[in-house]
Each structure stands twice: as C-alpha cells, then as structure tokens.
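Each remark here refers to the structure printed beneath this line.
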Amino acid sequence: MGSSSVIEYLPKEIFSGVTVHMQTLYMSWLAMIIVLAICLAATWKHQLVPSGIQNVVEMFIEWLGGLMESNMGKEGRRIMTPFIITLFLYIFVGNEIGMIPSVGVHLTSPTNDINVALGLSIPVALLVYIIGIARQGGSYFKKFIEPYAIFLPLNLLEDLARPLTMAARLFGNILAGEILLGVMYKFSVTTWLVPDLWIGFSICVGILQAFIFTMLTIIALAPVFQALHK
C-alpha cells in the first residue's frame with residue numbers, strides 16, 4: 001500500500017523481483033524484542049513462589065500446557081512446549097502492537113501482513129509432516145486413505161487448506177481491526193471515547209486470535225502423538 005494508506009507496509013525492492021515490506025520487518029523485530037524482554041523479566045530473578053510478571057507468564061504456560069496435555073498427551077506437551085509457548089507469545093505481542101495509539105511513530109501489527117500470517121501457518125503445516133514422518137515413518141501417510149482410499153482427495157485438500165485458512169483468519173481479523181482504528185483516528189470521525197473502546201475490543205480480539213491460531217496448531221499436531229498410543 002502507498003504512504004497515504006491507513007496501513008503502510010513500506011515496500012522496498014532489495015533486488016530485481018524481490019520486494020520486502022520494511023514496516024512488517026521492523027514490527028516483526030520489535031515483537032521479537034518484546035517477547036525476549038518478557039521472558040527475561042520473568043526469569044531474571046526466578047522465585048519459588050512467583051510474583052509479578054513471573055506469575056503472569058507461568059499462568060500462561062500452565063494454561064497452554066494443560067491444553068497441550070489434554071490434546072497431545074504428556075509426551076506431546078514435553079516436546080512441543082517451547083515451540084507452542086514461543087508461537088503464542090509472538091502472535092499475541094505482534095497482534096497487540098498495532099492496537100497501541102501511535103505517538104510520533106507509526107506502529108502496526110506484523111500479523112496484519114498476509115506474508116507473516118503465511119510465514120507462521122506454513123511452517124506449522126510442515127512441522128506436522130516432519131514430526132509425523134520422524135515418529136511414524138512411512139505409515140504416517142496412511143492417514144490420507146483413512147477411513148477409505150476414496151477419501152484421498154478430500155484428505156489432501158484438508159491438509160492443503162489448513163495453513164491457508166489459519167493464515168487468512170489471523171491476517172483478516174488483525175488487518176480489519178487496524179484499518180477501522182486507523183480511520184477513526186486519521187479522519188476524526190468519532191469522539192475520543194469510541195476509538196478507546198475499540199482499542200479495548202481490538203486487544204481482546206488480538207488475544208483471541210493468538211489463542212485460536214495456537215489451538216489450531218495444537219489440534220493439527222495432536223494426531224501425530226495420539227497415533228502411537230492407539
């Protein structure tokens with residue numbers, strides 16, 4: 001989008017045929033720095049009885065850990081906890097960056113860019129294959145002809161559609177929220193109360209979308225770990 005748009009990606013051609021959205025890149029780095037700062041703050045002076053930010057982070061970890069264990073079992077939780085926690089924190093922080101009113105600096109969520117959303121969903125889809133093949137070998141591909149071989153096209157379509165729908169859901173919700181919020185402030189179409197209320201609503205949407213994406217990831221990974229226990 002151009003510089004006059006409510007959402008700016010600041011595209012820059014780094015060499016022939018390859019364009020990078022610089023705003024997305026900057027905001028992605030900012031999200032990663034914030035996630036790192038949260039983790040450092042939570043573990044810097046680790047206490048047996050948690051308090052402050054350590055307590056909040058541990059509550060999120062236990063909450064997500066419970067979801068992982070109920071879907072993937074104890075082994076799945078043990079293996080996937082670092083990845084799932086990191087994924088959730090990045091999406092959560094990335095979603096909320098664009099909800100902060102800009103003061104001198106134009107902040108947007110990196111997740112409002114379809115490239116970032118696909119960059120999250122496609123690796124998740126590939127990870128399912130990698131873990132499935134590593135743990136089950138060639139028998140992993142039997143899932144495509146279950147319960148009958150006639151279901152092969154539908155099962156393949158489901159696997160191909162999953163990362164696209166995950167990305168579209170995340171990207172669409174965050175982009176729509178930022179555009180509406182940006183229009184409210186840019187054109188002063190409402191009083192201060194409505195944009196502030198919308199910020200609160202958008203923050204809730206950001207949390208919800210981070211949870212949905214993470215939960216869909218857990219659900220996609222669950223059969224890989226459940227198959228060995230049947």
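In the structure tokens, the first chain shown is A, the next is B, and so on; residue numbers restart at 1 for each chain, and ligands run from 1 in the order shown.
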
When you look at Asn71 in chain A with a cut-off of 12 Å (counting only C-alpha atoms), what residues show up, excluding the ones that are within fewer than 6 positions of it in the same chain? I need them as an mmCIF file with N, CA and C atoms, in the first residue's frame.
```
data_model
loop_
_atom_site.group_PDB
_atom_site.id
_atom_site.type_symbol
_atom_site.label_atom_id
_atom_site.label_comp_id
_atom_site.auth_asym_id
_atom_site.auth_seq_id
_atom_site.Cartn_x
_atom_site.Cartn_y
_atom_site.Cartn_z
ATOM 1 N N LEU A 64 -1.532 -23.077 28.730
ATOM 2 C CA LEU A 64 -1.245 -23.683 27.432
ATOM 3 C C LEU A 64 -0.763 -25.123 27.600
ATOM 4 N N GLY A 65 0.011 -25.353 28.670
ATOM 5 C CA GLY A 65 0.475 -26.707 28.932
ATOM 6 C C GLY A 65 -0.688 -27.668 29.156
ATOM 7 N N ARG A 77 3.227 -32.678 25.144
ATOM 8 C CA ARG A 77 3.454 -31.440 25.899
ATOM 9 C C ARG A 77 4.945 -31.224 26.134
ATOM 10 N N MET A 80 6.636 -30.292 22.657
ATOM 11 C CA MET A 80 6.169 -29.132 21.923
ATOM 12 C C MET A 80 6.042 -27.856 22.742
ATOM 13 N N MET A 215 -4.269 -22.822 19.254
ATOM 14 C CA MET A 215 -5.104 -24.004 19.466
ATOM 15 C C MET A 215 -5.207 -24.842 18.196
ATOM 16 N N LEU A 216 -5.342 -24.183 17.046
ATOM 17 C CA LEU A 216 -5.383 -24.908 15.774
ATOM 18 C C LEU A 216 -4.061 -25.642 15.522
ATOM 19 N N THR A 217 -2.956 -25.035 15.951
ATOM 20 C CA THR A 217 -1.653 -25.691 15.834
ATOM 21 C C THR A 217 -1.605 -26.945 16.697
ATOM 22 N N ILE A 218 -2.083 -26.831 17.929
ATOM 23 C CA ILE A 218 -2.110 -27.985 18.838
ATOM 24 C C ILE A 218 -2.984 -29.094 18.260
ATOM 25 N N ILE A 219 -4.143 -28.718 17.723
ATOM 26 C CA ILE A 219 -5.063 -29.714 17.150
ATOM 27 C C ILE A 219 -4.429 -30.399 15.941
ATOM 28 N N ALA A 220 -3.686 -29.632 15.127
ATOM 29 C CA ALA A 220 -3.024 -30.218 13.952
ATOM 30 C C ALA A 220 -1.927 -31.199 14.364
ATOM 31 N N LEU A 221 -1.241 -30.904 15.473
ATOM 32 C CA LEU A 221 -0.144 -31.758 15.935
ATOM 33 C C LEU A 221 -0.640 -32.961 16.733
ATOM 34 N N ALA A 222 -1.825 -32.853 17.309
ATOM 35 C CA ALA A 222 -2.321 -33.888 18.214
ATOM 36 C C ALA A 222 -2.331 -35.298 17.609
ATOM 37 N N PRO A 223 -2.833 -35.507 16.362
ATOM 38 C CA PRO A 223 -2.878 -36.873 15.819
ATOM 39 C C PRO A 223 -1.508 -37.529 15.716
ATOM 40 N N VAL A 224 -0.456 -36.737 15.536
ATOM 41 C CA VAL A 224 0.890 -37.272 15.412
ATOM 42 C C VAL A 224 1.285 -37.986 16.702
ATOM 43 N N PHE A 225 0.919 -37.419 17.837
ATOM 44 C CA PHE A 225 1.287 -38.014 19.115
ATOM 45 C C PHE A 225 0.271 -39.047 19.580
ATOM 46 N N GLN A 226 -0.980 -38.871 19.191
ATOM 47 C CA GLN A 226 -2.014 -39.810 19.610
ATOM 48 C C GLN A 226 -1.898 -41.150 18.901
ATOM 49 N N ALA A 227 -1.402 -41.136 17.654
ATOM 50 C CA ALA A 227 -1.355 -42.363 16.835
ATOM 51 C C ALA A 227 -0.531 -43.452 17.480
#
```

Considering only C-alpha atoms, give me a table of residues in range 16-131 of chain A that are at most 12 Å from range 141-149 of chain A, with the closest atom pair and distance in Å for each, as CSV.
```
residue,atom,partner,partner_atom,distance
A:Val128,CA,A:Phe141,CA,11.7
A:Tyr129,CA,A:Phe141,CA,9.2
A:Ile130,CA,A:Phe141,CA,11.7
```

Just to be explicit: take each residue in the selection above, keep N, CA and C atoms, and write the result as a compact mmCIF listing (two decimals), in the first residue's frame.
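For reference, result-v2.txt as written:
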```txt
# COMPACT_ATOMS: atom_id res chain seq x y z
N VAL A 128 4.11 -30.53 11.18
CA VAL A 128 3.26 -31.70 11.37
C VAL A 128 3.79 -32.87 10.55
N TYR A 129 4.18 -32.61 9.29
CA TYR A 129 4.74 -33.67 8.44
C TYR A 129 6.07 -34.17 8.98
N ILE A 130 6.93 -33.23 9.39
CA ILE A 130 8.27 -33.60 9.86
C ILE A 130 8.19 -34.49 11.09
```

I'd like the neighbourhood of Val205 in chain A as number ranges by chain, where a residue qualifies if any of its atoms comes within 10 Å (using only C-alpha atoms), though same-chain residues fewer than 2 positions away should be ignored. A: 92, 95-96, 173-174, 177, 199-203, 207-211

May I have the residues from that selection written out with C-alpha atoms, as a short mmCIF file (atom, residue, chain, number, x, y, z; two decimals), in the first residue's frame?
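File selection06.cif, as written:
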```cif
data_model
loop_
_atom_site.label_atom_id
_atom_site.label_comp_id
_atom_site.auth_asym_id
_atom_site.auth_seq_id
_atom_site.Cartn_x
_atom_site.Cartn_y
_atom_site.Cartn_z
CA PHE A 92 -0.03 -12.23 20.99
CA ASN A 95 -1.28 -8.59 17.36
CA GLU A 96 -1.26 -6.01 20.15
CA ASN A 173 -9.09 -10.10 11.73
CA ILE A 174 -5.99 -8.10 12.69
CA GLY A 177 -9.27 -4.03 13.30
CA ILE A 199 -8.84 -0.35 21.27
CA GLY A 200 -10.13 -2.37 24.22
CA PHE A 201 -12.18 -4.56 21.90
CA SER A 202 -9.24 -4.97 19.49
CA ILE A 203 -6.94 -6.01 22.33
CA ILE A 207 -5.64 -12.24 22.44
CA LEU A 208 -8.41 -14.37 20.95
CA GLN A 209 -6.70 -14.68 17.57
CA ALA A 210 -3.40 -15.67 19.22
CA PHE A 211 -5.29 -18.35 21.17
#
```

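Residues of chain A that DSSP places in strand (DSSP E or B), based on the backbone of this structure, are Pro11, Lys12, Glu13, Ile14, Phe15, Val18, Thr19, Val20 and His21 of chain A.
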
Proximity of range 57-118 of chain A to range 161-164 of chain A: per-residue shortest pair, 12 Å limit, only C-alpha atoms, as JSON lines:
```
{"residue": "A:Ile114", "atom": "CA", "partner": "A:Leu164", "partner_atom": "CA", "distance": 10.0}
{"residue": "A:Asn115", "atom": "CA", "partner": "A:Leu164", "partner_atom": "CA", "distance": 11.2}
{"residue": "A:Ala117", "atom": "CA", "partner": "A:Leu164", "partner_atom": "CA", "distance": 9.0}
{"residue": "A:Leu118", "atom": "CA", "partner": "A:Pro163", "partner_atom": "CA", "distance": 7.1}
```

Any idea what the distance is between CA of Asp113 in chain A and CA of Ala167 in chain A? 9.7 Å

My list of candidates is A:Lys45, A:His21, A:Arg78, A:Lys12. Which is closest to Val116 in chain A when distances are computed with only C-alpha atoms?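 Nearest candidate to Val116 in chain A out of A:Lys45, A:His21, A:Arg78, A:Lys12: A:His21.
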
Smallest atom-to-atom distance to Met184 in chain A: which of A:Leu197, A:Leu152, A:Leu25, A:Ile91, using only C-alpha atoms? A:Leu197

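Among A:Met72, A:Ile122, A:Ile34, A:Leu175, the residue with the shortest atom-to-atom distance to Pro110 in chain A, counting only C-alpha atoms, is A:Leu175.
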
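We find CA of Gly94 in chain A and CA of Leu120 in chain A to be spaced 12.0 Å apart.
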
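One distance worth recording is that between CA of Phe213 in chain A and CA of Leu170 in chain A, which is 7.2 Å.
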